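Peer 1: Dropping a structure here in structure tokens format, bear with me for questions.
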Amino acid sequence: MSSPVEPALVAAAVLWGAAAGALLPRAAYRFAVPPDRPWRAHCPRGHPLRGWLGRTPCRACERRTTPAAPPHAPARDTPGPPHAGRRDAPGPAPAPAPSAGDPPRAPSAVLLATVTALVCAALAVATGGRPETVVWLLLTPAGVLLAAVDFRVRRLPDPLTLPLAAAALALLGAAAALPGHAGDWPTALYGALALGGGYFVLFLVNPAGMGFGDVKLALGAGAVLGWYGWGTVLLGTFAGFLLGALYGGALVVARKAGRKTAIPFGPFLIAGALAGLLVGAYTA
């Protein structure tokens, strides 16, 4: 069982989670596109997007959240939109308008910051001051980002899923070299291969019900669950399927989906892995 948790550790985890989660909206907006389209290059107002981290999709929009009007605006001689036909008009050049079906805005920075902070706090309480606590805190923002994107467009981007698995194994390897850890790195590796292989079989059996992005995400989930042993792998896997089934059943009861309606499974895979990880960390 984990040792008593220092309040300073929990406070640091909350601050880290809140700060990291608040920077996720821009990445969530850029990644939240259908599978057959490239990542977004323009914000909803048509400004070119720069960078992947921020509280809003666009830095220009962020600067204009509290615009200041000039005290004496010059009158225009001809009707029409502001700056029409003027060479010295401020602002960026026109950009392609967002296509139909695009989400109108990025996820709430407050929501993502709150969720990330709560998850980090729970992991800090369950794991205590062991070396792997740092690993869980570093991986949490990526998991929250993946869940946010999959909920919006049913897509788990390769630039997030595959690096997540590699980072989990690399960071856990470093944690295994430090004293005081409570896991086993070889089992983490085997857990990644086993869970990824199991999801790959499900994908082959029913491609309509299991996306290949879930298979790649399962590699990272298997790594973090395998750190605490095979029992944690089984618990986290079962919890993910149970949560997904409960969500799908609730949609059917509410008549918002049919029995064959596909749902984004990535968030429940992540939630199940979190549940298994909390139990495994606390009992290790």
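Chain labels run A, B, ... following the order of the structure tokens; each chain numbers its residues from 1, and ligands are numbered from 1 in the order shown.
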Quick one: residues within 10 Å of Gly143 in chain A, only C-alpha atoms, excluding same-chain residues fewer than 5 positions away - as an MDAnalysis selection string?

Peer 2: chainID A and resid 116 138 148 160:161 164 217 220:221 266:267 270:271 274

Peer 1: Export N, CA and C atoms of the chosen residues as a PDB file, in the first residue's frame?

Peer 2:
ATOM      1  N   THR A 116      -7.931  17.637 -15.760  1.00  0.00           N
ATOM      2  CA  THR A 116      -6.531  17.245 -15.643  1.00  0.00           C
ATOM      3  C   THR A 116      -6.035  17.384 -14.216  1.00  0.00           C
ATOM      4  N   LEU A 138       3.122  13.221 -15.883  1.00  0.00           N
ATOM      5  CA  LEU A 138       3.535  13.654 -17.211  1.00  0.00           C
ATOM      6  C   LEU A 138       2.634  13.094 -18.305  1.00  0.00           C
ATOM      7  N   ALA A 148     -10.562  14.055 -25.146  1.00  0.00           N
ATOM      8  CA  ALA A 148     -11.308  15.200 -25.665  1.00  0.00           C
ATOM      9  C   ALA A 148     -11.460  15.127 -27.180  1.00  0.00           C
ATOM     10  N   LEU A 160      -0.326  11.336 -31.175  1.00  0.00           N
ATOM     11  CA  LEU A 160      -0.531  11.276 -29.732  1.00  0.00           C
ATOM     12  C   LEU A 160      -0.458   9.845 -29.202  1.00  0.00           C
ATOM     13  N   THR A 161      -1.094   8.900 -29.882  1.00  0.00           N
ATOM     14  CA  THR A 161      -1.181   7.540 -29.353  1.00  0.00           C
ATOM     15  C   THR A 161       0.172   6.824 -29.350  1.00  0.00           C
ATOM     16  N   LEU A 164       2.694   8.343 -26.981  1.00  0.00           N
ATOM     17  CA  LEU A 164       2.275   8.076 -25.602  1.00  0.00           C
ATOM     18  C   LEU A 164       2.784   6.719 -25.142  1.00  0.00           C
ATOM     19  N   LEU A 217      -3.751   3.074 -28.967  1.00  0.00           N
ATOM     20  CA  LEU A 217      -3.890   3.607 -27.612  1.00  0.00           C
ATOM     21  C   LEU A 217      -3.736   2.508 -26.574  1.00  0.00           C
ATOM     22  N   GLY A 220      -0.185   2.022 -24.993  1.00  0.00           N
ATOM     23  CA  GLY A 220       0.165   2.856 -23.856  1.00  0.00           C
ATOM     24  C   GLY A 220      -0.591   2.470 -22.599  1.00  0.00           C
ATOM     25  N   ALA A 221      -1.884   2.145 -22.750  1.00  0.00           N
ATOM     26  CA  ALA A 221      -2.676   1.742 -21.585  1.00  0.00           C
ATOM     27  C   ALA A 221      -2.130   0.458 -20.986  1.00  0.00           C
ATOM     28  N   GLY A 266     -12.191   5.419 -27.123  1.00  0.00           N
ATOM     29  CA  GLY A 266     -10.954   5.874 -26.513  1.00  0.00           C
ATOM     30  C   GLY A 266     -11.114   6.457 -25.116  1.00  0.00           C
ATOM     31  N   PRO A 267     -12.090   7.350 -24.878  1.00  0.00           N
ATOM     32  CA  PRO A 267     -12.246   7.903 -23.533  1.00  0.00           C
ATOM     33  C   PRO A 267     -12.501   6.844 -22.468  1.00  0.00           C
ATOM     34  N   ILE A 270      -9.301   4.951 -21.747  1.00  0.00           N
ATOM     35  CA  ILE A 270      -8.460   5.764 -20.864  1.00  0.00           C
ATOM     36  C   ILE A 270      -9.025   5.770 -19.442  1.00  0.00           C
ATOM     37  N   ALA A 271     -10.343   5.912 -19.307  1.00  0.00           N
ATOM     38  CA  ALA A 271     -10.950   5.931 -17.975  1.00  0.00           C
ATOM     39  C   ALA A 271     -10.761   4.587 -17.273  1.00  0.00           C
ATOM     40  N   LEU A 274      -7.265   4.400 -16.081  1.00  0.00           N
ATOM     41  CA  LEU A 274      -7.104   5.234 -14.887  1.00  0.00           C
ATOM     42  C   LEU A 274      -7.632   4.518 -13.652  1.00  0.00           C
TER      43      LEU A 274
END

Peer 1: Determine, counting only C-alpha atoms, which protein, DNA and RNA residues have an atom within 10 Å of an atom of Leu111 in chain A; residues of the same chain fewer than 4 positions away are not included. Present the result as a VMD selection string.

Peer 2: chain A and resid 18 21 to 22 25 107 115 to 117

Peer 1: Could the residues in this selection be written to a file with N, CA and C atoms, as an mmCIF file, in the first residue's frame?

Peer 2:
data_model
loop_
_atom_site.group_PDB
_atom_site.id
_atom_site.type_symbol
_atom_site.label_atom_id
_atom_site.label_comp_id
_atom_site.auth_asym_id
_atom_site.auth_seq_id
_atom_site.Cartn_x
_atom_site.Cartn_y
_atom_site.Cartn_z
ATOM 1 N N ALA A 18 -3.626 21.624 -13.541
ATOM 2 C CA ALA A 18 -4.383 22.795 -13.965
ATOM 3 C C ALA A 18 -3.631 23.579 -15.035
ATOM 4 N N GLY A 21 -3.506 21.342 -18.289
ATOM 5 C CA GLY A 21 -4.825 21.216 -18.899
ATOM 6 C C GLY A 21 -5.304 22.501 -19.540
ATOM 7 N N ALA A 22 -4.921 23.641 -18.968
ATOM 8 C CA ALA A 22 -5.349 24.918 -19.531
ATOM 9 C C ALA A 22 -4.717 25.191 -20.887
ATOM 10 N N PRO A 25 -6.624 23.313 -25.046
ATOM 11 C CA PRO A 25 -7.688 23.603 -26.013
ATOM 12 C C PRO A 25 -7.214 23.790 -27.448
ATOM 13 N N PRO A 107 -12.481 23.110 -27.026
ATOM 14 C CA PRO A 107 -13.022 22.755 -25.710
ATOM 15 C C PRO A 107 -12.667 23.807 -24.674
ATOM 16 N N VAL A 115 -10.416 18.872 -15.187
ATOM 17 C CA VAL A 115 -10.314 17.418 -15.312
ATOM 18 C C VAL A 115 -8.870 16.961 -15.121
ATOM 19 N N THR A 116 -7.931 17.637 -15.760
ATOM 20 C CA THR A 116 -6.531 17.245 -15.643
ATOM 21 C C THR A 116 -6.035 17.384 -14.216
ATOM 22 N N ALA A 117 -6.426 18.457 -13.545
ATOM 23 C CA ALA A 117 -6.001 18.664 -12.161
ATOM 24 C C ALA A 117 -6.565 17.590 -11.241
#

Peer 1: Excluding Lys260 in chain A and its own-chain neighbours fewer than 6 positions away, which residues fall within 10 Å of it when counting only C-alpha atoms? Please give them as a PyMOL selection string.

Peer 2: chain A and resi 208-209+248+252

Peer 1: From the options A:Leu204, A:Trp52, A:Tyr247, A:Ala273, which residue's atoms come nearest to Leu145 in chain A, counting only C-alpha atoms?

Peer 2: A:Trp52

Peer 1: Pick out the residues sitting within 8 Å of Ala20 in chain A, and hand them over as number ranges by chain; count only C-alpha atoms, and ignore anything fewer than 3 positions along from it in its own chain.

Peer 2: A: 16-17, 23-24, 113, 116, 141

Peer 1: Store the residues picked out above, limited to C-alpha atoms, as a JSON list (two decimals), in the first residue's frame.

Peer 2:
[["chain", "number", "residue", "atom", "x", "y", "z"],
["A", 16, "TRP", "CA", 0.66, 20.93, -12.66],
["A", 17, "GLY", "CA", -2.61, 19.44, -13.88],
["A", 23, "LEU", "CA", -2.97, 24.71, -22.50],
["A", 24, "LEU", "CA", -4.78, 21.82, -24.21],
["A", 113, "ALA", "CA", -7.79, 22.23, -16.63],
["A", 116, "THR", "CA", -6.53, 17.25, -15.64],
["A", 141, "PRO", "CA", -2.37, 15.67, -20.07]]

Peer 1: I want to know what sits within 9 Å of range 226-239 of chain A, based on only C-alpha atoms, with residues of the same chain fewer than 5 positions away left out; could you give that as a count of residues only?

Peer 2: 29

Peer 1: Given the choices A:Val201, A:Val110, A:Val224, A:Ala60, which gets closest to Val135 in chain A if the distance is worked out from only C-alpha atoms?

Peer 2: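 Among A:Val201, A:Val110, A:Val224, A:Ala60, it is A:Val224 that comes nearest to Val135 in chain A.
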